[in-house]
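Peer 1: Take a look at this one; I'll ask things after.
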Amino acid sequence: MKILESRYLNELSAKVNTRANNNGWWDTPRPLRRTLGLVITEMSEAVEAVRVGRFAPNGCISTARNCMDEGLDVFVSYFGGVVKDTLEDEIADSFIRVLDFIGQEKLFCRDLVPVIISEKDPMDFFVNFVKLVNPRFDNISSDGACDLLDYLVGCAIHFDFDLLGHVSMKLDYNATRGIRHGGKGF
C-alpha cells in the first residue's frame with residue numbers, strides 16, 4: 001500500500017531542512033552517526049511515552065489549530081501541556097529528523113510503503129527500529145533513509161494516529177523555539 005508520494009515527501013523534506021538550516025542546526029556539519037543517534041533518541045523517548053502512558057488525545061490536531069487561531073501563546077501553551085513528549089510527538093520528531101537529513105544530504109524520497117508493525121511490546125518496535133538503523137551508521141542511501149520513514153509510518157498506523165498532522169503541528173511548535181531550540185548543542 002502506497003501511503004505518501006515522493007513528490008510530497010521531497011517538498012516536505014526541503015521545507016524541514018530549510019527551517020533546520022535557518023535555526024542553526026547545520027551551522028556545523030553533523031556526522032551521520034550523530035544524526036542517526038538523534039533519531040534513535042527520539043524513538044527511545046517514544047518508548048518512554050508508551051511506558052508511562054503519554055498519548056496525545058484524539059482531536060488534538062484540530063484543537064491545536066483552533067488554539068493557533070486564538071494566538072501563538074495559546075497554541076504553545078496547549079502543545080506544551082497536552083501534546084509535547086507524547087508517543088505521537090516523539091515519532092513525529094523522528095520523522096522530522098530523517099526528513100531533515102534527507103534534505104541536507106540532497107537525497108531523494110521514494111514513495112513510502114509502511115512497514116507492518118506487529119509487535120505489541122513497545123520495546124520490540126524500538127529494538128527493531130534500532131536494528132534497521134544500525135547497518136546504516138556509516139553510510140545511508142536514499143532507500144535506506146526511506147526505509148526508516150516507512151517504519152515510522154508503520155508505527156503511526158500501528159498506534160492509530162495522523163503522523164503528518166503531528167509533523168505539521170510539531171513544525172509549528174518548533175518555529176516558536178528559536179535558534180537551536182534555545183541553544184542546544186546539537
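Please note that chains go A, B, ... in the order of the C-alpha cells, that every chain numbers its residues from 1, and that ligands are numbered from 1 in the order shown.
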Please identify every residue of stretch 75-97 of chain A that has at least one atom no farther than 10 Å from an atom of stretch 1-20 of chain A, counting only C-alpha atoms, and for each give the shortest atom pair and the distance in Å to one decimal, arranged by chain then increasing number, as a tab-separated table.
Peer 2:
residue	atom	partner	partner_atom	distance
A:Phe95	CA	A:Ser13	CA	9.9
A:Ile96	CA	A:Val16	CA	6.9
A:Arg97	CA	A:Val16	CA	8.5
Peer 1: Can you tell me which residues surround A:Leu171 at a distance of at most 10 Å, considering only C-alpha atoms, apart from same-chain residues fewer than 2 positions away, and format the answer as a ChimeraX atom specification?
Peer 2: /A:15-16,19,92-93,96,165-169,173-176
Peer 1: Give me, as CSV, the closest atom pair and its distance (Å, one decimal) for every residue of stretch 18-80 of chain A within a cut-off of 12 Å of stretch 99-105 of chain A, counting only C-alpha atoms, rows sorted by chain and rising number.
Peer 2:
residue,atom,partner,partner_atom,distance
A:Thr18,CA,A:Gly103,CA,8.2
A:Arg19,CA,A:Asp100,CA,8.9
A:Ala20,CA,A:Asp100,CA,7.1
A:Asn21,CA,A:Gln104,CA,8.6
A:Trp25,CA,A:Asp100,CA,9.8
A:Trp26,CA,A:Gln104,CA,8.3
A:Asp27,CA,A:Gln104,CA,11.5
A:Pro29,CA,A:Gln104,CA,9.9
A:Arg30,CA,A:Phe101,CA,9.6
A:Pro31,CA,A:Phe101,CA,10.5
A:Leu32,CA,A:Phe101,CA,8.6
A:Arg33,CA,A:Phe101,CA,11.4
A:Arg34,CA,A:Phe101,CA,10.9
A:Thr35,CA,A:Phe101,CA,7.4
A:Leu36,CA,A:Phe101,CA,9.1
A:Leu38,CA,A:Phe101,CA,11.0
A:Val39,CA,A:Phe101,CA,10.2
Peer 1: Based on the selection just made, write C-alpha atoms of those residues as an mmCIF file, in the first residue's frame.
Peer 2:
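And here is the file that came out, out.cif:
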data_model
loop_
_atom_site.group_PDB
_atom_site.id
_atom_site.type_symbol
_atom_site.label_atom_id
_atom_site.label_comp_id
_atom_site.auth_asym_id
_atom_site.auth_seq_id
_atom_site.Cartn_x
_atom_site.Cartn_y
_atom_site.Cartn_z
ATOM 1 C CA THR A 18 15.320 24.929 5.248
ATOM 2 C CA ARG A 19 13.847 25.529 8.700
ATOM 3 C CA ALA A 20 16.618 23.491 10.328
ATOM 4 C CA ASN A 21 19.283 25.480 8.486
ATOM 5 C CA TRP A 25 21.113 23.069 13.218
ATOM 6 C CA TRP A 26 23.519 22.670 10.299
ATOM 7 C CA ASP A 27 25.901 25.569 11.060
ATOM 8 C CA PRO A 29 28.476 19.774 9.719
ATOM 9 C CA ARG A 30 26.915 16.890 11.606
ATOM 10 C CA PRO A 31 28.296 13.370 11.220
ATOM 11 C CA LEU A 32 25.834 10.746 10.035
ATOM 12 C CA ARG A 33 26.292 8.802 13.287
ATOM 13 C CA ARG A 34 25.139 11.807 15.326
ATOM 14 C CA THR A 35 22.091 12.311 13.125
ATOM 15 C CA LEU A 36 21.070 8.670 13.340
ATOM 16 C CA LEU A 38 19.408 11.560 17.497
ATOM 17 C CA VAL A 39 16.727 9.658 15.567
#
Peer 1: Per residue of stretch 51-117 of chain A within 9 Å of stretch 140-146 of chain A, note the shortest atom pair and the distance in Å to one decimal, counting only C-alpha atoms, and order the rows by chain and increasing residue number, as a tab-separated table.
Peer 2:
residue	atom	partner	partner_atom	distance
A:Val98	CA	A:Ala145	CA	6.8
A:Leu99	CA	A:Ala145	CA	8.4
A:Phe101	CA	A:Ala145	CA	8.5
A:Ile102	CA	A:Ala145	CA	7.1
A:Lys106	CA	A:Ser142	CA	8.9
A:Leu107	CA	A:Ser142	CA	5.2
A:Phe108	CA	A:Ser142	CA	5.5
A:Cys109	CA	A:Cys146	CA	6.1
A:Arg110	CA	A:Cys146	CA	6.8
A:Asp111	CA	A:Cys146	CA	8.3
A:Leu112	CA	A:Cys146	CA	6.9
Peer 1: I'd like to know which of A:Leu164, A:Val82, A:Ile91, A:Ile157 is closest to A:Glu45, using only C-alpha atoms.
Peer 2: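 Closest to A:Glu45, using only C-alpha atoms: A:Ile91.
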Peer 1: Using only C-alpha atoms, can you tell me which of A:Lys84, A:Arg136, A:Arg54, A:His158 comes closest to A:Pro114?
Peer 2: A:His158
Peer 1: Can you list, as a PyMOL selection string, every protein, DNA or RNA residue that comes within 6 Å of stretch 151-153 of chain A when you count only C-alpha atoms, leaving out same-chain residues fewer than 3 positions away?
Peer 2: chain A and resi 114-115+148+156
Peer 1: Restricting the output to N, CA and C atoms, write the selected residues as a compact mmCIF listing (two decimals), in the first residue's frame.
Peer 2:
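Once written, selection_39.txt looks like this:
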# COMPACT_ATOMS: atom_id res chain seq x y z
N PRO A 114 4.42 1.71 4.14
CA PRO A 114 4.63 1.48 5.57
C PRO A 114 4.95 0.04 5.91
N VAL A 115 5.84 -0.13 6.87
CA VAL A 115 6.15 -1.44 7.42
C VAL A 115 4.99 -1.82 8.34
N LEU A 148 13.65 3.97 6.87
CA LEU A 148 13.38 4.49 8.22
C LEU A 148 12.01 5.18 8.25
N ALA A 156 2.97 4.81 13.12
CA ALA A 156 1.78 5.67 13.21
C ALA A 156 0.52 4.88 12.90
Peer 1: Using DSSP assignments from the backbone, pull out every residue in stretch 54-167 of chain A that falls under alpha helix (DSSP H) and give it to me as a ChimeraX atom specification.
Peer 2: /A:60-70,72-78,87-104,122-133,142-158,163-167
Peer 1: Using only C-alpha atoms for the distances, tell me which of A:Ile40, A:Ile61, A:Ile117, A:Cys67 is nearest to A:Leu163.
Peer 2: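 Smallest separation from A:Leu163 among the options: A:Ile61.
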Peer 1: With only C-alpha atoms as the counted atoms, please give the residues lying no more than 10 Å from A:Ser118, apart from itself and same-chain residues fewer than 5 positions off, as an NGL selection string.
Peer 2: :A and (124-125 or 154-155 or 158)
Peer 1: For atom CA of A:Tyr78 and atom CA of A:Glu90, quote the distance in Å rounded to one decimal.
Peer 2: 16.5 Å
Peer 1: For the atom pair atom CA of A:Arg177 and atom CA of A:Gly59, what is the interatomic distance in Å to one decimal place?
Peer 2: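 Value for the atom CA of A:Arg177-atom CA of A:Gly59 distance: 23.8 Å.
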Peer 1: Just give me the gap between atom CA of A:Ser94 and atom CA of A:Val76 in Å, one decimal is fine.
Peer 2: 20.2 Å
